[in-house]
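Undergrad: Okay, handing you the structure first.
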Amino acid sequence: MTTRTLGGVLALAATLTAFAATRTDTDTAAAMMARIEAAQPVNHQGYDAFTLEQLMSRFGVPGVSVAVISDNTIHWAKAYGVADVTSGAKVDTDTMFQAASISKPVNAMAVLKAVQDGRFTLDQDINTILKSWKLPGDGFTAEQPVTLRGLTSHTSGTGDGFGFPGYHPSAPRPTVVQILDGEKPSNVGKVRLERRPLTGQKYSGGAVTITQLALTDVVGRPYPEILQDWVLKPIGMTRSGYDQPLTPERDRNAARAHNGRGAAMDTKWHVYPELAAAGLWTTPIDLAKFAIDVQLWTRGKSNKVLSQSMAREMITPVGVGPFAVGFAIQQKGEGWYFSHGGSNWGFQCDVTAHTLKGYGVAIMTNSDSGGRLIEEIRSRVAAAYNWDMLDKAIPR
């Protein structure tokens with residue numbers, strides 16, 4: 001081996017060792033940001049040669065905002081790109097995005113708060129809770145009723161698989177009952193059972209919409225007020241709300257929807273009356289606060305909204321499928337994580353956090369193709385912070 005070749009090998013080895021080293025107290029937020037933003041040293045996924053800016057261009061994502069959790073705190077948050085290609089407005093860490101289906105675990109926390117307050121139980125027949133509408137049994141509920149536990153974990157037996165496309169701001173919007181019955185002006189089918197409860201898991205936004213109606217029927221207040229007072233304010237999610245549509249004031253720093261090529265849609269955003277399933281506007285910082293509080297509550301270190309036992313319902317699978325009450329639960333590497341993704345018209349996002357260790361990440365984009373960028377950023381964060389990496393030291 002020549003001196004030049006040996007020098008190159010040693011330089012590469014030093015680079016790889018530095019990149020793979022575990023995070024120490026001297027790792028600053030700026031250093032971790034730079035590590036994630038830069039091209040990666042090992043091309044194991046096909047995109048490691050690209051910087052974050054290059055990935056945004058390649059995937060057609062005008063803007064992305066990121067908040068990284070470490071040691072049960074937000075280690076850093078940063079925004080990249082533009083919120084709206086038509087105006088050129090930059091994304092900042094206060095820019096709101098549509099959380100899409102991440103609305104569901106936040107809703108689940110409100111459901112658990114109502115259970116904790118004694119308004120109903122998780123395993124109570126939903127038709128004994130609902131007042132303004134009833135779910136037809138259709139021959140599926142003789143042995144097992146539909147419950148809030150089933151509705152929030154997608155095991156209730158409801159069969160809708162259509163998702164919610166939202167409504168143009170100028171279009172008429174249906175009531176929740178019209179949505180559930182598939183009646184105009186609803187733009188989706190009716191929500192009905194297709195199997196016995198707790199016999200299988202099928203993702204159902206309609207099931208979560210039933211829980212929205214249950215909360216408003218029992219509490220007797222508008223749904224956005226309930227969520228604001230019960231969940232968002234106590235956690236400190238100051239840039240979040242279920243207000244649909246946004247007021248002009250709130251819209252000033254809201255991201256625009258873009259298609260998979262990064263081009264502007266025909267209107268800035270769609271409106272979602274299916275609030276519990278798709279209606280939350282928020283930021284990665286606020287989603288990180290939400291995830292951190294779940295981490296702390298389940299370990300008995302905080303009780304801003306839920307007790308430890310009630311919070312653990314959010315990270316304990318119900319026994320059918322991978323969902324708990326609100327979150328999906330998944331093993332990754334050597335650890336278990338709670339997570340939820342979201343995909344609305346022109347927006348994609350994700351929040352992932354460890355069930356026991358204090359790390360995670362929240363990522364929000366304003367593009368239909370944001371999912372690919374989210375996967376890459378999440379992978380880079382996990383590598384940079386050594387999420388659940390086995391100790392490679394040789395035991396003595």
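Labeling convention for the structure tokens: chains A, B, ... as they appear, residues from 1 per chain, ligands from 1 in order of appearance.
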Region 140-188 of chain A near region 331-343 of chain A within 12 Å: what's each residue's closest atom pair and its distance in Å to one decimal, counting only C-alpha atoms, ordered by chain then ascending residue number, as JSON lines?
TA:
{"residue": "A:Ser153", "atom": "CA", "partner": "A:His340", "partner_atom": "CA", "distance": 11.9}
{"residue": "A:Gly163", "atom": "CA", "partner": "A:Ser343", "partner_atom": "CA", "distance": 9.4}
{"residue": "A:Phe164", "atom": "CA", "partner": "A:Ser343", "partner_atom": "CA", "distance": 9.6}
{"residue": "A:Pro165", "atom": "CA", "partner": "A:Ser343", "partner_atom": "CA", "distance": 9.7}
{"residue": "A:Gly166", "atom": "CA", "partner": "A:Ser343", "partner_atom": "CA", "distance": 11.3}
Undergrad: Suppose we keep all heavy atoms; can you now write the selection as a short mmCIF file (atom, residue, chain, number, x, y, z; two decimals), in the first residue's frame?
TA:
data_model
loop_
_atom_site.label_atom_id
_atom_site.label_comp_id
_atom_site.auth_asym_id
_atom_site.auth_seq_id
_atom_site.Cartn_x
_atom_site.Cartn_y
_atom_site.Cartn_z
N SER A 153 -57.70 3.00 18.72
CA SER A 153 -56.61 2.10 18.34
C SER A 153 -56.86 1.42 17.00
O SER A 153 -56.13 0.51 16.61
CB SER A 153 -56.41 1.02 19.41
OG SER A 153 -57.57 0.21 19.53
N GLY A 163 -59.78 7.86 3.94
CA GLY A 163 -59.06 9.05 4.35
C GLY A 163 -59.95 10.27 4.19
O GLY A 163 -61.11 10.18 3.80
N PHE A 164 -59.40 11.43 4.47
CA PHE A 164 -60.17 12.67 4.37
C PHE A 164 -59.42 13.64 3.46
O PHE A 164 -58.34 14.10 3.81
CB PHE A 164 -60.39 13.27 5.75
CG PHE A 164 -61.27 12.44 6.63
CD1 PHE A 164 -60.80 11.96 7.84
CD2 PHE A 164 -62.57 12.13 6.25
CE1 PHE A 164 -61.60 11.19 8.66
CE2 PHE A 164 -63.39 11.35 7.07
CZ PHE A 164 -62.91 10.88 8.27
N PRO A 165 -59.99 14.00 2.29
CA PRO A 165 -59.31 14.91 1.37
C PRO A 165 -59.44 16.37 1.75
O PRO A 165 -58.75 17.22 1.19
CB PRO A 165 -60.01 14.63 0.03
CG PRO A 165 -61.37 14.16 0.41
CD PRO A 165 -61.20 13.41 1.69
N GLY A 166 -60.33 16.69 2.69
CA GLY A 166 -60.53 18.08 3.07
C GLY A 166 -61.41 18.81 2.07
O GLY A 166 -61.86 18.25 1.06
#
Undergrad: Write out as a list in words the residues lying within 9 Å of Thr211 (chain A), counting only C-alpha atoms and excluding same-chain residues fewer than 6 positions away.
TA: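 Near neighbours after the sequence-gap exclusion: Asn107, Ala108, Val111, Ile126, Leu130, Leu148, Leu151, Thr152 and Ala276 of chain A.
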Undergrad: Just to confirm, what's the straight-line distance from CA of Gly236 (chain A) to CA of Phe290 (chain A) in Å (one decimal)?
TA: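 One can read the CA of Gly236 (chain A) to CA of Phe290 (chain A) distance as 8.6 Å.
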Undergrad: In Å, how far is it from CA of Thr355 (chain A) to CA of Ala100 (chain A)?
TA: 22.4 Å
Undergrad: Tell me which protein, DNA and RNA residues are within 8 Å of Lys113 (chain A), counting only C-alpha atoms, leaving out same-chain ones fewer than 3 positions away, and put them as an mmCIF file with C-alpha atoms, in the first residue's frame.
TA:
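As written to disk, part18.cif reads:
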data_model
loop_
_atom_site.group_PDB
_atom_site.id
_atom_site.type_symbol
_atom_site.label_atom_id
_atom_site.label_comp_id
_atom_site.auth_asym_id
_atom_site.auth_seq_id
_atom_site.Cartn_x
_atom_site.Cartn_y
_atom_site.Cartn_z
ATOM 1 C CA MET A 109 -55.145 12.350 25.130
ATOM 2 C CA ALA A 110 -58.357 14.381 25.453
ATOM 3 C CA GLN A 116 -59.731 10.155 34.031
ATOM 4 C CA ASP A 117 -62.366 12.738 35.000
ATOM 5 C CA TRP A 230 -57.567 20.133 28.228
ATOM 6 C CA VAL A 305 -52.901 16.280 31.910
ATOM 7 C CA LEU A 306 -52.811 12.553 32.688
#
Undergrad: Could you work out how far CA of Gln244 (chain A) lies from CA of Lys190 (chain A), giving the answer in Å with one decimal?
TA: 21.6 Å
Undergrad: Measuring between only C-alpha atoms, which one of A:Ala89, A:Ile179, A:Ala255, A:Val191 shows the shortest distance to Pro136 (chain A)?
TA: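 Smallest separation from Pro136 (chain A) among the options: A:Val191.
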Undergrad: Taking only region 14-244 of chain A into account, list the residues labelled helix (DSSP H, G or I) by DSSP (computed from the backbone), as a ChimeraX atom specification.
TA: /A:14-20,29-37,52-59,100-116,126-128,148-152,176-181,205-219,223-235
Undergrad: Using only C-alpha atoms, pick whichever of A:Leu52, A:Arg58, A:Gln228, A:Lys104 has the shortest atom-to-atom distance to Tyr80 (chain A).
TA: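 The shortest atom-to-atom distance to Tyr80 (chain A) comes from A:Leu52.
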Undergrad: Would you write out, as JSON lines, a table of all residues in region 94-156 of chain A that have an atom no more than 9 Å from an atom of region 356-375 of chain A, listing for each the closest atom pair and the distance in Å to one decimal, considering only C-alpha atoms and ordering rows by chain and rising residue number?
TA:
{"residue": "A:Met96", "atom": "CA", "partner": "A:Met364", "partner_atom": "CA", "distance": 9.0}
{"residue": "A:Phe97", "atom": "CA", "partner": "A:Met364", "partner_atom": "CA", "distance": 6.7}
{"residue": "A:Gln98", "atom": "CA", "partner": "A:Met364", "partner_atom": "CA", "distance": 8.3}
{"residue": "A:Ala99", "atom": "CA", "partner": "A:Met364", "partner_atom": "CA", "distance": 7.6}
Undergrad: When you count only C-alpha atoms, which of these residues is closest to Lys134 (chain A): A:Val82, A:Pro197, A:Val208, A:Ala214?
TA: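 Ranking A:Val82, A:Pro197, A:Val208, A:Ala214 by distance to Lys134 (chain A), first place goes to A:Ala214.
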Undergrad: Considering only C-alpha atoms, state which residue in the set A:Gly279, A:Gly300, A:Pro284, A:Gly220 is at the smallest distance from Ser132 (chain A).
TA: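 Among the listed residues, A:Gly220 lies closest to Ser132 (chain A).
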Undergrad: Taking the chain letters and numbering used in this document, name the residues of region 14-102 of chain A that DSSP puts in strand (DSSP E), as a list of chain:residue names.
TA: A:Gly63, A:Val64, A:Ser65, A:Val66, A:Ala67, A:Val68, A:Ile69, A:Ser70, A:Thr73, A:Ile74, A:His75, A:Trp76, A:Ala77, A:Lys78, A:Ala79, A:Tyr80, A:Gly81, A:Val82, A:Ala83, A:Asp84, A:Ala89, A:Lys90, A:Phe97, A:Gln98
Undergrad: Export, as a tab-separated table (two decimals), in the first residue's frame, the selected residues with N, CA, C and O atoms.
TA:
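Saved file part.tsv follows:
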chain	number	residue	atom	x	y	z
A	63	GLY	N	-40.44	23.40	2.01
A	63	GLY	CA	-40.10	23.76	3.38
A	63	GLY	C	-40.21	22.59	4.33
A	63	GLY	O	-41.08	21.73	4.18
A	64	VAL	N	-39.32	22.57	5.32
A	64	VAL	CA	-39.36	21.54	6.36
A	64	VAL	C	-38.93	22.17	7.67
A	64	VAL	O	-38.07	23.05	7.70
A	65	SER	N	-39.56	21.73	8.75
A	65	SER	CA	-39.22	22.20	10.08
A	65	SER	C	-38.99	20.98	10.96
A	65	SER	O	-39.71	19.99	10.87
A	66	VAL	N	-37.96	21.06	11.82
A	66	VAL	CA	-37.51	19.90	12.60
A	66	VAL	C	-37.30	20.30	14.05
A	66	VAL	O	-36.76	21.37	14.33
A	67	ALA	N	-37.70	19.43	14.98
A	67	ALA	CA	-37.37	19.59	16.39
A	67	ALA	C	-36.87	18.26	16.92
A	67	ALA	O	-37.54	17.24	16.77
A	68	VAL	N	-35.68	18.26	17.51
A	68	VAL	CA	-35.04	17.04	17.99
A	68	VAL	C	-35.09	16.99	19.51
A	68	VAL	O	-34.77	17.97	20.19
A	69	ILE	N	-35.48	15.83	20.02
A	69	ILE	CA	-35.60	15.61	21.47
A	69	ILE	C	-34.40	14.80	21.95
A	69	ILE	O	-34.04	13.79	21.35
A	70	SER	N	-33.78	15.25	23.03
A	70	SER	CA	-32.70	14.51	23.67
A	70	SER	C	-32.78	14.75	25.16
A	70	SER	O	-32.97	15.89	25.61
A	73	THR	N	-35.74	16.77	26.56
A	73	THR	CA	-35.82	18.19	26.28
A	73	THR	C	-35.65	18.40	24.78
A	73	THR	O	-35.14	17.53	24.07
A	74	ILE	N	-36.04	19.57	24.31
A	74	ILE	CA	-35.80	19.91	22.91
A	74	ILE	C	-34.36	20.37	22.78
A	74	ILE	O	-33.99	21.44	23.27
A	75	HIS	N	-33.52	19.53	22.14
A	75	HIS	CA	-32.10	19.86	22.01
A	75	HIS	C	-31.88	20.97	21.00
A	75	HIS	O	-31.06	21.86	21.20
A	76	TRP	N	-32.63	20.90	19.90
A	76	TRP	CA	-32.59	21.98	18.93
A	76	TRP	C	-33.79	21.91	18.00
A	76	TRP	O	-34.43	20.86	17.87
A	77	ALA	N	-34.11	23.03	17.40
A	77	ALA	CA	-35.17	23.11	16.40
A	77	ALA	C	-34.71	24.06	15.30
A	77	ALA	O	-34.06	25.08	15.58
A	78	LYS	N	-35.03	23.73	14.09
A	78	LYS	CA	-34.59	24.56	12.97
A	78	LYS	C	-35.53	24.36	11.79
A	78	LYS	O	-36.09	23.28	11.60
A	79	ALA	N	-35.71	25.43	11.01
A	79	ALA	CA	-36.57	25.39	9.83
A	79	ALA	C	-35.74	25.66	8.59
A	79	ALA	O	-34.74	26.39	8.64
A	80	TYR	N	-36.17	25.08	7.48
A	80	TYR	CA	-35.43	25.17	6.21
A	80	TYR	C	-36.41	25.48	5.07
A	80	TYR	O	-37.52	24.95	5.03
A	81	GLY	N	-35.96	26.31	4.14
A	81	GLY	CA	-36.73	26.54	2.93
A	81	GLY	C	-37.83	27.56	3.08
A	81	GLY	O	-37.78	28.45	3.94
A	82	VAL	N	-38.84	27.44	2.22
A	82	VAL	CA	-39.91	28.43	2.17
A	82	VAL	C	-41.24	27.82	2.59
A	82	VAL	O	-41.52	26.65	2.34
A	83	ALA	N	-42.06	28.65	3.23
A	83	ALA	CA	-43.40	28.23	3.64
A	83	ALA	C	-44.38	28.27	2.50
A	83	ALA	O	-45.37	27.52	2.48
A	84	ASP	N	-44.12	29.14	1.52
A	84	ASP	CA	-45.07	29.37	0.43
A	84	ASP	C	-44.28	29.79	-0.81
A	84	ASP	O	-43.65	30.85	-0.80
A	89	ALA	N	-42.18	33.45	1.30
A	89	ALA	CA	-42.04	33.56	2.75
A	89	ALA	C	-41.23	32.39	3.29
A	89	ALA	O	-41.47	31.23	2.94
A	90	LYS	N	-40.27	32.68	4.14
A	90	LYS	CA	-39.40	31.65	4.70
A	90	LYS	C	-40.12	30.87	5.81
A	90	LYS	O	-40.96	31.41	6.51
A	97	PHE	N	-47.86	24.10	10.45
A	97	PHE	CA	-48.19	23.15	9.39
A	97	PHE	C	-49.44	22.37	9.80
A	97	PHE	O	-49.77	22.30	10.99
A	98	GLN	N	-50.10	21.78	8.83
A	98	GLN	CA	-51.19	20.87	9.17
A	98	GLN	C	-50.59	19.56	9.68
A	98	GLN	O	-49.78	18.94	9.01
Undergrad: Which of these residues is nearest to Tyr272 (chain A), using only C-alpha atoms: A:Thr28, A:Thr147, A:Thr209, A:Thr316?
TA: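 Distance minimum relative to Tyr272 (chain A) lands on A:Thr209.
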Undergrad: Between A:Tyr385, A:Trp269, A:Trp281, A:Phe347, which one has atoms that come closest to Thr95 (chain A), using only C-alpha atoms?
TA: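 Smallest distance to Thr95 (chain A) is found for A:Trp281.
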Undergrad: Using only C-alpha atoms, determine which residues lie at most 9 Å from Leu112 (chain A), disregarding the query and same-chain residues fewer than 6 positions distant; provide the list as a PyMOL selection string.
TA: chain A and resi 121-122+306+310-311+313-314+325
Undergrad: With all heavy atoms retained, export the selected residues as a compact mmCIF listing (two decimals), in the first residue's frame.
TA:
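result31.txt, written as the output of this step:
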# COMPACT_ATOMS: atom_id res chain seq x y z
N THR A 121 -65.94 5.55 30.35
CA THR A 121 -64.79 4.65 30.45
C THR A 121 -64.30 4.27 29.07
O THR A 121 -65.02 4.40 28.07
CB THR A 121 -65.14 3.36 31.23
OG1 THR A 121 -65.98 2.53 30.41
CG2 THR A 121 -65.85 3.68 32.53
N LEU A 122 -63.07 3.78 29.02
CA LEU A 122 -62.50 3.38 27.73
C LEU A 122 -63.22 2.19 27.12
O LEU A 122 -63.24 2.03 25.90
CB LEU A 122 -61.01 3.02 27.91
CG LEU A 122 -59.96 4.09 27.68
CD1 LEU A 122 -58.58 3.51 27.89
CD2 LEU A 122 -60.09 4.71 26.29
N LEU A 306 -52.45 13.92 32.36
CA LEU A 306 -52.81 12.55 32.69
C LEU A 306 -51.96 12.00 33.83
O LEU A 306 -50.80 12.37 33.99
CB LEU A 306 -52.63 11.65 31.46
CG LEU A 306 -53.46 11.98 30.22
CD1 LEU A 306 -53.11 11.01 29.09
CD2 LEU A 306 -54.95 11.94 30.52
N MET A 310 -52.88 6.36 33.35
CA MET A 310 -53.68 6.73 32.19
C MET A 310 -52.80 7.03 30.99
O MET A 310 -53.11 6.65 29.86
CB MET A 310 -54.54 7.95 32.54
CG MET A 310 -55.70 8.17 31.58
SD MET A 310 -56.87 6.79 31.53
CE MET A 310 -57.56 6.86 33.17
N ALA A 311 -51.66 7.70 31.22
CA ALA A 311 -50.74 8.00 30.12
C ALA A 311 -50.20 6.73 29.49
O ALA A 311 -49.95 6.68 28.27
CB ALA A 311 -49.60 8.88 30.62
N GLU A 313 -51.68 4.14 28.79
CA GLU A 313 -52.61 3.63 27.78
C GLU A 313 -52.20 4.10 26.38
O GLU A 313 -52.49 3.43 25.38
CB GLU A 313 -54.04 4.11 28.07
CG GLU A 313 -54.64 3.59 29.36
CD GLU A 313 -55.13 2.16 29.25
OE1 GLU A 313 -54.92 1.52 28.19
OE2 GLU A 313 -55.72 1.67 30.24
N MET A 314 -51.48 5.22 26.28
CA MET A 314 -51.09 5.77 24.99
C MET A 314 -49.92 5.02 24.37
O MET A 314 -49.66 5.18 23.17
CB MET A 314 -50.74 7.25 25.12
CG MET A 314 -51.89 8.13 25.59
SD MET A 314 -51.57 9.89 25.40
CE MET A 314 -51.68 10.08 23.61
N VAL A 325 -53.75 3.42 22.56
CA VAL A 325 -54.79 4.44 22.50
C VAL A 325 -54.16 5.71 21.93
O VAL A 325 -53.59 6.52 22.64
CB VAL A 325 -55.39 4.70 23.90
CG1 VAL A 325 -56.39 5.85 23.85
CG2 VAL A 325 -56.07 3.43 24.41
Undergrad: Please provide the set of residues having any atom within 8 Å of Pro245 (chain A), restricted to only C-alpha atoms, with same-chain residues fewer than 2 positions apart removed, written as number ranges by chain.
TA: A: 169, 243, 247, 271-272
